[in-house]
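Student: Hey, dropping work10.txt in here, compact mmCIF, C-alpha atoms:
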```
# COMPACT_ATOMS: atom_id res chain seq x y z
CA MET A 30 125.71 125.10 62.68
CA SER A 31 125.05 126.00 66.27
CA HIS A 32 122.22 128.10 67.55
CA ILE A 33 122.67 131.83 68.08
CA PHE A 34 120.62 131.46 71.25
CA PRO A 35 120.35 128.55 73.68
CA LEU A 36 118.32 125.86 71.96
CA GLY A 37 114.98 126.47 73.67
CA GLN A 38 115.13 130.21 73.16
CA ALA A 39 116.08 129.95 69.50
CA ASP A 40 113.36 127.40 68.83
CA PHE A 41 110.79 129.59 70.55
CA CYS A 42 111.77 132.63 68.50
CA GLY A 43 111.68 130.69 65.25
CA LYS A 44 108.26 129.19 65.92
CA ALA A 45 106.90 132.55 67.03
CA TYR A 46 107.95 134.23 63.80
CA VAL A 47 106.54 131.46 61.63
CA LYS A 48 103.28 131.46 63.52
CA HIS A 49 103.06 135.25 63.28
CA LYS A 50 103.52 135.19 59.53
CA THR A 51 101.02 132.40 59.02
CA GLN A 52 98.33 134.12 61.03
CA SER A 53 98.98 137.44 59.29
CA GLN A 54 98.83 136.00 55.80
CA GLU A 55 95.64 134.10 56.57
CA SER A 56 94.00 137.27 57.98
CA LEU A 57 94.81 139.22 54.82
CA PHE A 58 92.05 137.37 53.05
CA LEU A 59 89.44 138.17 55.73
CA PHE A 60 89.01 141.91 54.97
CA PRO A 61 85.48 143.32 55.02
CA ARG A 62 83.87 143.19 51.60
CA ASN A 63 83.76 147.00 51.33
CA VAL A 64 87.60 147.27 51.28
CA PRO A 65 88.64 147.93 47.65
CA MET A 66 90.69 145.18 45.92
CA LEU A 67 93.58 147.59 45.26
CA SER A 68 93.79 148.39 48.96
CA ARG A 69 93.75 144.70 49.78
CA MET A 70 96.63 144.04 47.39
CA LEU A 71 98.68 146.93 48.79
CA LEU A 72 98.15 145.65 52.32
CA ILE A 73 99.18 142.12 51.25
CA LEU A 74 102.41 143.47 49.74
CA PHE A 75 103.06 145.48 52.90
CA PHE A 76 102.68 142.50 55.20
CA LEU A 77 104.78 140.22 53.03
CA THR A 78 107.54 142.82 52.89
CA VAL A 79 107.55 143.38 56.64
CA PHE A 80 107.18 139.86 57.94
CA SER A 81 108.99 137.70 55.39
CA PRO A 82 112.48 138.93 56.33
CA PHE A 83 111.82 138.07 59.96
CA THR A 84 110.70 134.58 59.08
CA SER A 85 113.72 133.95 56.89
CA PHE A 86 116.11 135.26 59.52
CA ALA A 87 114.60 133.22 62.30
CA GLY A 88 114.61 130.09 60.23
CA SER A 89 118.34 130.46 59.63
CA THR A 90 119.49 131.41 63.11
CA SER A 91 119.92 127.79 64.11
CA HIS A 92 122.02 126.98 61.05
CA ALA A 93 123.68 130.09 59.62
CA GLN A 94 125.96 131.09 62.47
CA ALA A 95 129.52 130.24 61.52
CA LYS A 96 131.77 128.48 63.97
CA THR A 97 134.56 130.71 65.26
CA SER A 98 137.91 130.06 66.89
CA GLU A 99 140.30 132.86 67.75
CA MET A 100 143.65 133.03 69.49
CA LEU A 101 143.86 136.08 71.74
CA SER A 102 146.37 138.68 70.58
CA THR A 103 147.94 138.68 74.05
CA THR A 104 149.00 135.04 73.72
CA PRO A 105 152.73 134.80 72.91
CA ALA A 106 153.72 133.17 69.65
CA PRO A 107 155.96 130.08 69.67
CA LYS A 108 159.69 130.73 69.51
CA ARG A 109 160.58 128.69 66.44
CA PHE A 110 157.64 127.35 64.41
CA VAL A 111 154.88 129.93 63.92
CA THR A 112 151.83 130.36 61.71
CA ARG A 113 151.61 133.19 59.22
CA GLY A 114 148.33 133.05 57.37
CA THR A 115 148.08 129.59 55.84
CA LYS A 116 151.80 128.86 56.22
CA ILE A 117 154.01 127.55 59.00
CA PHE A 118 157.37 129.29 59.20
CA ASP A 119 160.59 128.07 60.78
CA LEU A 120 161.97 131.24 62.34
CA GLN A 121 165.35 129.58 62.81
CA LYS A 122 165.66 129.34 59.02
CA ASN A 123 163.26 132.18 58.21
CA THR A 124 161.42 130.10 55.63
CA PRO A 125 158.03 128.42 55.20
CA VAL A 126 158.02 124.67 55.76
CA PHE A 127 156.30 121.66 54.24
CA PHE A 128 156.55 118.68 56.55
CA ARG A 129 157.51 115.43 54.86
CA ALA A 130 156.58 113.28 57.78
CA ILE A 131 156.37 109.75 59.12
CA GLY A 132 154.12 108.54 61.92
CA TYR A 133 156.24 106.86 64.58
CA SER A 134 155.40 104.47 67.40
CA PRO A 135 158.55 102.38 67.94
CA TYR A 136 157.04 99.47 69.86
CA LEU A 137 158.63 96.22 68.70
CA PRO A 138 157.34 92.64 69.09
CA GLY A 139 156.90 91.80 72.75
CA GLU A 140 156.30 95.46 73.71
CA THR A 141 152.96 97.16 74.26
CA PRO A 142 151.82 100.57 75.51
CA LEU A 143 148.57 99.17 76.90
CA TYR A 144 149.88 99.06 80.45
CA GLY A 145 151.68 102.40 80.37
CA ALA A 146 155.18 101.24 79.46
CA PRO A 147 157.23 103.45 77.11
CA PRO A 148 159.19 101.95 74.20
CA GLY A 149 162.59 100.48 75.02
CA ASP A 150 165.58 102.77 75.52
CA ASP A 151 168.09 101.12 73.20
CA ASP A 152 169.82 101.45 69.84
CA ARG A 153 166.70 100.98 67.71
CA TYR A 154 166.42 104.76 67.28
CA LYS A 155 169.75 105.05 65.50
CA GLU A 156 168.51 102.48 62.98
CA HIS A 157 164.98 103.88 62.67
CA LEU A 158 165.93 107.54 62.27
CA GLY A 159 168.64 106.55 59.83
CA LEU A 160 165.97 104.92 57.66
CA MET A 161 163.86 108.06 57.93
CA GLN A 162 166.78 110.19 56.80
CA ASP A 163 167.25 107.90 53.82
CA MET A 164 163.61 108.60 52.89
CA ALA A 165 164.14 112.40 53.11
CA VAL A 166 161.81 112.67 56.11
CA ASN A 167 162.08 116.04 57.88
CA TYR A 168 159.43 115.62 60.61
CA ILE A 169 158.49 112.73 62.90
CA HIS A 170 154.94 112.56 64.25
CA VAL A 171 155.48 110.80 67.58
CA PHE A 172 152.68 108.87 69.28
CA PRO A 173 154.12 107.58 72.61
CA MET A 174 154.04 110.42 75.13
CA MET A 175 157.11 109.34 77.10
CA MET A 176 159.81 108.69 74.53
CA PRO A 177 163.13 107.55 76.08
CA PRO A 178 166.42 109.52 76.12
CA LYS A 179 168.08 107.54 73.31
CA PHE A 180 165.34 108.60 70.91
CA PHE A 181 166.14 112.24 71.53
CA ALA A 182 169.87 111.62 71.21
CA ALA A 183 169.20 110.09 67.78
CA LEU A 184 166.93 113.02 66.94
CA ASP A 185 169.77 115.44 67.66
CA LYS A 186 172.19 113.47 65.54
CA ALA A 187 169.70 113.34 62.65
CA ASP A 188 168.95 117.06 63.08
CA MET A 189 165.20 116.44 62.70
CA VAL A 190 162.07 117.95 64.27
CA TYR A 191 159.01 116.26 65.69
CA GLY A 192 155.44 116.70 66.82
CA GLN A 193 153.99 115.18 69.98
CA ASP A 194 150.62 113.45 69.84
CA ILE A 195 148.91 113.49 73.24
CA TRP A 196 146.36 110.70 73.21
CA ILE A 197 143.14 111.08 75.18
CA TRP A 198 140.48 108.46 75.81
CA ALA A 199 138.37 108.66 72.63
CA TYR A 200 135.45 106.55 73.91
CA GLU A 201 134.66 108.71 76.95
CA GLU A 202 131.13 108.71 78.32
CA ASP A 203 131.12 112.52 78.46
CA PHE A 204 133.97 114.69 77.20
CA LEU A 205 132.64 117.63 79.22
CA ALA A 206 132.56 115.75 82.53
CA GLU A 207 134.81 117.64 84.95
CA THR A 208 136.43 114.43 86.20
CA PHE A 209 137.43 113.53 82.65
CA LEU A 210 138.77 117.02 81.92
CA GLU A 211 140.78 117.09 85.15
CA LYS A 212 142.34 113.65 84.62
CA THR A 213 143.08 114.39 80.97
CA MET A 214 144.70 117.70 81.86
CA GLU A 215 146.99 115.85 84.28
CA ASP A 216 148.08 113.56 81.42
CA ILE A 217 148.62 116.55 79.12
CA GLN A 218 150.74 118.31 81.72
CA ALA A 219 152.85 115.19 82.20
CA ALA A 220 153.48 115.01 78.44
CA ILE A 221 154.48 118.68 78.35
CA ASP A 222 156.79 118.19 81.34
CA HIS A 223 158.45 115.25 79.58
CA VAL A 224 159.31 117.44 76.59
CA TYR A 225 161.16 119.90 78.81
CA ILE A 226 162.76 117.34 81.14
CA VAL A 227 163.75 114.60 78.67
CA GLY A 228 162.72 115.82 75.23
CA ARG A 229 163.82 118.63 72.94
CA PRO A 230 161.58 121.73 73.12
CA ASP A 231 163.71 123.46 70.48
CA ARG A 232 162.98 120.64 68.02
CA LEU A 233 159.29 120.33 68.86
CA VAL A 234 156.83 121.74 66.32
CA LEU A 235 153.46 121.04 67.93
CA PHE A 236 151.36 119.34 70.55
CA SER A 237 148.25 117.55 69.27
CA ILE A 238 145.60 117.25 71.98
CA GLY A 239 143.53 114.13 71.27
CA ASP A 240 143.29 111.94 68.20
CA GLU A 241 140.23 110.50 66.40
CA LEU A 242 137.39 110.89 68.91
CA GLN A 243 134.76 108.21 68.44
CA ALA A 244 131.41 109.10 66.90
CA ASP A 245 129.22 107.64 69.65
CA ALA A 246 131.13 109.55 72.33
CA VAL A 247 130.84 112.79 70.35
CA VAL A 248 127.06 112.46 69.90
CA ARG A 249 126.60 111.41 73.51
CA THR A 250 128.50 114.44 74.81
CA ASP A 251 126.67 116.84 72.49
CA THR A 252 123.28 115.44 73.50
CA ARG A 253 124.00 115.88 77.19
CA HIS A 254 125.10 119.51 76.94
CA PRO A 255 123.04 121.25 74.24
CA GLU A 256 123.44 124.62 75.96
CA VAL A 257 127.26 124.61 75.85
CA ARG A 258 128.12 126.49 72.66
CA SER A 259 130.89 128.95 73.49
CA TYR A 260 134.00 129.26 75.59
CA LYS A 261 136.39 132.07 76.46
CA GLY A 262 139.66 130.90 77.92
CA LYS A 263 142.92 132.62 78.68
CA HIS A 264 144.12 132.09 75.10
CA LEU A 265 141.27 130.68 73.00
CA THR A 266 137.82 132.12 72.34
CA VAL A 267 135.33 129.97 70.44
CA SER A 268 131.66 130.41 69.63
CA ASN A 269 128.80 128.57 67.90
CA ARG A 270 130.60 125.28 68.53
CA THR A 271 129.45 121.80 69.49
CA PRO A 272 129.81 120.73 73.13
CA THR A 273 132.56 118.27 72.17
CA GLU A 274 134.47 121.08 70.45
CA ILE A 275 134.11 123.14 73.63
CA ALA A 276 135.67 120.29 75.63
CA LEU A 277 138.62 120.22 73.23
CA ALA A 278 138.97 124.00 73.33
CA ARG A 279 139.15 123.85 77.12
CA LEU A 280 141.90 121.22 76.99
CA ILE A 281 143.93 123.11 74.37
CA ASP A 282 143.57 126.37 76.25
CA GLY A 283 144.57 124.70 79.50
CA ALA A 284 147.59 123.07 77.87
CA MET A 285 148.80 126.39 76.47
CA GLU A 286 148.33 128.11 79.79
CA TYR A 287 150.23 125.36 81.61
CA GLU A 288 153.15 125.45 79.20
CA LEU A 289 153.35 129.25 79.26
CA SER A 290 153.06 129.61 83.03
CA ARG A 291 155.42 126.71 83.80
CA TYR A 292 158.05 127.11 81.09
CA GLY A 293 157.61 130.65 79.77
CA ARG A 294 157.01 129.61 76.16
CA ARG A 295 154.61 127.61 74.04
CA HIS A 296 154.49 125.55 70.86
CA LEU A 297 151.84 125.19 68.17
CA TYR A 298 148.65 123.41 69.23
CA CYS A 299 146.02 121.40 67.37
CA HIS A 300 143.51 118.59 67.78
CA THR A 301 143.85 115.70 65.33
CA SER A 302 140.50 114.50 63.99
CA TRP A 303 139.38 112.16 61.21
CA THR A 304 137.04 112.47 58.26
CA HIS A 305 134.42 110.09 59.71
CA ILE A 306 133.07 112.87 61.94
CA GLY A 307 133.73 116.01 59.85
CA PRO A 308 134.60 118.73 59.13
CA ILE A 309 133.13 118.24 55.61
CA THR A 310 129.50 117.46 56.41
CA ASP A 311 127.63 117.02 53.13
CA ARG A 312 128.51 113.36 52.85
CA PRO A 313 126.11 110.41 53.11
CA ASP A 314 128.54 108.19 54.99
CA LEU A 315 129.49 110.31 58.02
CA GLU A 316 129.24 108.55 61.37
CA VAL A 317 127.60 111.57 63.05
CA PRO A 318 124.65 113.82 62.15
CA GLN A 319 125.68 117.13 60.61
CA GLU A 320 124.87 119.03 63.80
CA ASN A 321 127.47 116.93 65.65
CA ALA A 322 130.25 117.26 63.07
CA LEU A 323 133.61 118.18 64.56
CA ASN A 324 135.84 120.83 63.01
CA PRO A 325 139.45 120.55 64.24
CA ASP A 326 140.28 124.23 63.68
CA LEU A 327 140.51 124.95 67.41
CA GLY A 328 144.22 125.72 67.68
CA ASP A 329 146.94 127.16 65.48
CA LEU A 330 146.40 124.77 62.58
CA VAL A 331 144.03 122.11 61.25
CA CYS A 332 145.27 118.54 61.78
CA LEU A 333 143.29 115.79 60.09
CA ASN A 334 143.83 112.11 59.34
CA VAL A 335 142.71 111.65 55.72
CA TYR A 336 142.71 108.07 54.43
CA THR A 337 141.79 107.30 50.82
CA TYR A 338 139.14 104.75 51.80
CA ALA A 339 137.76 106.64 54.80
CA ARG A 340 134.21 107.81 55.31
CA GLY A 341 133.69 111.28 53.94
CA VAL A 342 136.57 110.81 51.49
CA ARG A 343 135.42 107.97 49.29
CA THR A 344 132.09 109.77 48.72
CA SER A 345 133.75 113.05 47.69
CA PRO A 346 133.44 114.55 44.21
CA PRO A 347 136.43 114.28 41.86
CA GLY A 348 139.37 116.63 42.29
CA SER A 349 140.02 119.41 39.80
CA VAL A 350 143.34 118.01 38.53
CA THR A 351 143.68 114.28 39.22
CA GLY A 352 139.97 113.52 39.31
CA THR A 353 140.23 111.41 42.47
CA SER A 354 137.84 111.59 45.40
CA TYR A 355 140.90 112.04 47.63
CA GLN A 356 141.84 115.27 45.89
CA GLY A 357 138.20 116.29 45.87
CA TYR A 358 138.11 116.01 49.66
CA LEU A 359 141.37 117.92 50.08
CA GLU A 360 140.11 120.75 47.91
CA GLU A 361 136.87 121.11 49.86
CA LEU A 362 138.85 120.98 53.09
CA ALA A 363 141.16 123.77 51.91
CA ALA A 364 138.15 125.92 51.04
CA THR A 365 136.83 125.70 54.62
CA THR A 366 139.75 127.27 56.48
CA ASP A 367 142.32 130.04 56.47
CA LYS A 368 144.66 128.09 58.75
CA PRO A 369 147.51 125.77 57.74
CA ILE A 370 146.37 122.17 57.17
CA PHE A 371 148.45 119.15 58.16
CA VAL A 372 147.40 115.72 56.85
CA THR A 373 148.61 113.92 59.95
CA GLN A 374 147.90 110.37 58.81
CA VAL A 375 147.49 108.57 55.51
CA GLY A 376 148.53 105.03 54.71
CA LEU A 377 147.55 101.54 53.63
CA SER A 378 147.55 98.27 55.54
CA THR A 379 149.29 95.35 53.84
CA SER A 380 147.54 92.73 55.94
CA PRO A 381 147.18 89.41 54.07
CA PHE A 382 143.48 90.00 53.47
CA GLU A 383 140.69 92.54 53.97
CA PRO A 384 138.75 91.22 56.98
CA LYS A 385 135.80 93.62 56.82
CA SER A 386 134.04 93.66 53.47
CA TRP A 387 131.88 96.55 54.67
CA VAL A 388 135.05 98.67 55.10
CA PRO A 389 136.65 98.41 51.65
CA GLY A 390 140.29 99.45 51.63
CA PHE A 391 140.94 98.68 55.31
CA GLY A 392 143.58 96.00 54.86
CA GLY A 393 144.44 93.54 52.14
CA HIS A 394 146.64 95.82 50.01
CA LYS A 395 149.41 94.14 48.06
CA VAL A 396 152.87 95.48 48.80
CA GLU A 397 153.58 95.92 45.10
CA ASP A 398 150.47 98.14 44.69
CA VAL A 399 151.23 100.58 47.51
CA PRO A 400 153.93 102.66 45.72
CA LYS A 401 151.48 103.61 42.97
CA ALA A 402 148.82 104.51 45.55
CA PHE A 403 151.25 106.64 47.58
CA THR A 404 152.42 108.43 44.45
CA ALA A 405 148.81 109.25 43.61
CA ILE A 406 148.24 110.61 47.12
CA TRP A 407 151.30 112.85 46.78
CA GLN A 408 150.10 114.15 43.43
CA ASP A 409 146.64 114.76 44.88
CA ILE A 410 147.89 117.00 47.67
CA ARG A 411 150.58 118.82 45.70
CA THR A 412 148.31 119.69 42.74
CA ALA A 413 145.05 120.27 44.61
CA LYS A 414 143.30 123.59 44.34
CA GLY A 415 144.29 125.38 47.55
CA ASN A 416 147.46 123.27 47.93
CA GLU A 417 149.27 126.30 49.34
CA LYS A 418 147.30 125.80 52.57
CA PHE A 419 148.76 122.35 53.21
CA CYS A 420 151.81 122.47 55.46
CA GLY A 421 152.60 118.76 55.46
CA ILE A 422 151.66 115.13 55.03
CA SER A 423 152.54 112.21 57.28
CA PHE A 424 152.54 108.64 56.01
CA PHE A 425 151.49 106.15 58.65
CA GLU A 426 153.68 104.48 59.85
CA LEU A 427 157.38 103.51 59.96
CA GLN A 428 157.03 99.84 60.95
CA ASP A 429 154.34 97.28 61.69
CA GLU A 430 153.18 97.21 65.31
CA TRP A 431 152.28 93.77 66.59
CA TRP A 432 150.59 94.92 69.81
CA LYS A 433 147.53 96.33 68.07
CA SER A 434 144.59 96.05 68.72
CA GLY A 435 145.54 94.76 72.16
CA GLU A 436 143.02 91.94 72.43
CA ASP A 437 144.97 90.23 75.21
CA PRO A 438 148.35 90.49 77.03
CA THR A 439 150.03 88.19 74.50
CA ASP A 440 148.90 90.14 71.43
CA SER A 441 152.28 91.86 71.11
CA ILE A 442 154.07 88.59 70.36
CA ARG A 443 151.79 87.69 67.41
CA HIS A 444 151.57 89.35 64.02
CA GLU A 445 147.89 88.67 63.43
CA ARG A 446 146.82 88.13 59.85
CA GLN A 447 143.24 89.24 60.52
CA ASP A 448 144.12 92.60 62.13
CA PRO A 449 144.87 95.34 59.55
CA GLU A 450 145.98 97.70 62.32
CA GLU A 451 149.15 95.64 62.73
CA TRP A 452 150.23 96.02 59.08
CA PHE A 453 150.46 99.74 58.28
CA GLY A 454 154.26 99.90 58.38
CA LEU A 455 156.48 100.92 55.50
CA TYR A 456 158.77 98.29 57.00
CA GLU A 457 158.10 94.91 58.54
CA VAL A 458 159.95 93.70 61.62
CA GLY A 459 162.47 91.00 60.72
CA ALA A 460 165.01 88.85 62.56
CA LYS A 461 166.45 90.36 65.72
CA ASN A 462 163.88 93.16 65.39
CA ARG A 463 165.66 94.71 62.42
CA LEU A 464 163.38 96.54 60.03
CA VAL A 465 162.96 95.14 56.52
CA ALA A 466 161.61 97.25 53.66
CA LYS A 467 158.26 96.22 52.22
CA GLY A 468 159.16 96.05 48.56
CA LYS A 469 159.66 99.49 47.02
CA ILE A 470 157.50 101.40 49.50
CA PRO A 471 160.37 103.18 51.33
CA GLU A 472 162.09 103.91 48.03
CA THR A 473 158.87 105.49 46.77
CA ILE A 474 158.61 107.71 49.85
CA ARG A 475 162.22 108.82 49.29
CA LYS A 476 161.44 109.79 45.70
CA LEU A 477 158.30 111.67 46.68
CA TYR A 478 159.88 113.47 49.61
CA SER A 479 162.83 114.50 47.44
CA MET A 480 160.46 116.38 45.14
CA PRO A 481 159.69 120.11 45.57
```
Translate the structure described by the file into structure tokens.

Tutor:
Amino acid sequence: MSHIFPLGQADFCGKAYVKHKTQSQESLFLFPRNVPMLSRMLLILFFLTVFSPFTSFAGSTSHAQAKTSEMLSTTPAPKRFVTRGTKIFDLQKNTPVFFRAIGYSPYLPGETPLYGAPPGDDDRYKEHLGLMQDMAVNYIHVFPMMMPPKFFAALDKADMVYGQDIWIWAYEEDFLAETFLEKTMEDIQAAIDHVYIVGRPDRLVLFSIGDELQADAVVRTDTRHPEVRSYKGKHLTVSNRTPTEIALARLIDGAMEYELSRYGRRHLYCHTSWTHIGPITDRPDLEVPQENALNPDLGDLVCLNVYTYARGVRTSPPGSVTGTSYQGYLEELAATTDKPIFVTQVGLSTSPFEPKSWVPGFGGHKVEDVPKAFTAIWQDIRTAKGNEKFCGISFFELQDEWWKSGEDPTDSIRHERQDPEEWFGLYEVGAKNRLVAKGKIPETIRKLYSMP
């Protein structure tokens, strides 16, 4: 936890109290010999009673202060999807929702986002959203920030809703650098503008500001700004946070203010994180020290990518119902927050082999084994203690993307066997770029998403 004072001040206070107690206790045994033993004992009890509480308090000030994040009461609520306690409600239907979602980045072979190009504006969306409808998907988690008009036309026809991921550079030298914040805010504003100019604000559920910040960048930012622990914006107030969390709070607050001032309304906001850097910290395999752990509870809801083989998850205790470490992680996560939780990514790569033996589970999954694994994941989240806090789950992703990891300009025309990132799709890309089901994986999603 963060310090209640700036670091130097808190450390000084703590050391002062400890030193005071030590000196006092040592001096208790230096009474003149003519002081009766009973008096000595009474004085010892007095000093221990007076000074021990101070020592205990000071020792905990740097760790016991809970992180806070509050939305100001003056901030208008969204018009359609709103939070009520641990639920998200659709005001249009006046009912709580559980998002049965698919991650979607519709780049096909020969296309890449690495140079800023959006996906093609063609008939692929009619096919893709039709497949999603067949799987009983009710929410699309969209990754490209500038989706073309034909996607939104297909979205209208399918009568579906979506969330907009707004990617930010996750490897930044310093997330609190003003130049980074200014440039990132320009990108965020452009994504918001696109929703209102080309997109469908009435079908949009949320904006996610940033996705999976890298551990080295988080630690580097926190080390450079140890004094930055709180922030009060026009809509968000946070305290006892890490410097990286402050940077995210500033971006989320700025995004809300821009949307409200420019368009007179807002949507739900979150930051999407991953289990490698928190928020559950008592794990031996985290990529950051506990003091740098990131808690993505900075907006309206908690958005977290939770993979079965991920750091922090595979070392979790067994769940209360299924006994899996995945459910164990979900249950601990639910116990940490009173906000709705959205599992924004979970999936398995069906790459021909697992290229990194030190990352077990990242690639190399047989297509025929995935349905059983996905069914287990569904059971984990639906039966977990605290399952009422989960507002959705998004399987990643609709189809394989050949452009990842973007090693060179020709990467998008090769489906590389050694790159698990290119094999997360529920569908593979076949002849004439038509999508082909990977065994019974789509059928399994349909069965799961058709359940209560």

Student: Find the distance between CA of Glu215 (chain A) and CA of Arg229 (chain A) and write it in Å to one decimal.

Tutor: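 Taking CA of Glu215 (chain A) and CA of Arg229 (chain A), their separation equals 20.5 Å.
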
Student: Determine, counting all atoms listed in the file, every residue of protein, DNA or RNA that lies within 10 Å of (146.0, 110.8, 48.6) in the file coordinates, then give the result as a compact mmCIF listing (two decimals) with C-alpha atoms, in the frame of the given file.

Tutor:
```
# COMPACT_ATOMS: atom_id res chain seq x y z
CA VAL A 335 142.71 111.65 55.72
CA TYR A 336 142.71 108.07 54.43
CA THR A 337 141.79 107.30 50.82
CA TYR A 338 139.14 104.75 51.80
CA VAL A 342 136.57 110.81 51.49
CA THR A 353 140.23 111.41 42.47
CA SER A 354 137.84 111.59 45.40
CA TYR A 355 140.90 112.04 47.63
CA GLN A 356 141.84 115.27 45.89
CA GLY A 357 138.20 116.29 45.87
CA TYR A 358 138.11 116.01 49.66
CA LEU A 359 141.37 117.92 50.08
CA VAL A 372 147.40 115.72 56.85
CA VAL A 375 147.49 108.57 55.51
CA GLY A 376 148.53 105.03 54.71
CA ALA A 402 148.82 104.51 45.55
CA PHE A 403 151.25 106.64 47.58
CA THR A 404 152.42 108.43 44.45
CA ALA A 405 148.81 109.25 43.61
CA ILE A 406 148.24 110.61 47.12
CA TRP A 407 151.30 112.85 46.78
CA GLN A 408 150.10 114.15 43.43
CA ASP A 409 146.64 114.76 44.88
CA ILE A 410 147.89 117.00 47.67
CA ARG A 411 150.58 118.82 45.70
CA ILE A 422 151.66 115.13 55.03
```

Student: I'd like to know which of A:Phe209, A:Phe128, A:Phe453, A:Tyr154 is closest to Lys116 (chain A), using all atoms listed in the file.

Tutor: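 Distance minimum relative to Lys116 (chain A) lands on A:Phe128.
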
Student: So how far away is CA of Phe382 (chain A) from CA of Gly139 (chain A), in Å?

Tutor: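 The value is 23.6 Å.
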
Student: Kindly indicate which residue among A:Val111, A:Arg249, A:Val465, A:Arg279 lies nearest to Pro318 (chain A), using all atoms listed in the file for the distances.

Tutor: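 So, comparing all the options, the nearest one is A:Arg249.
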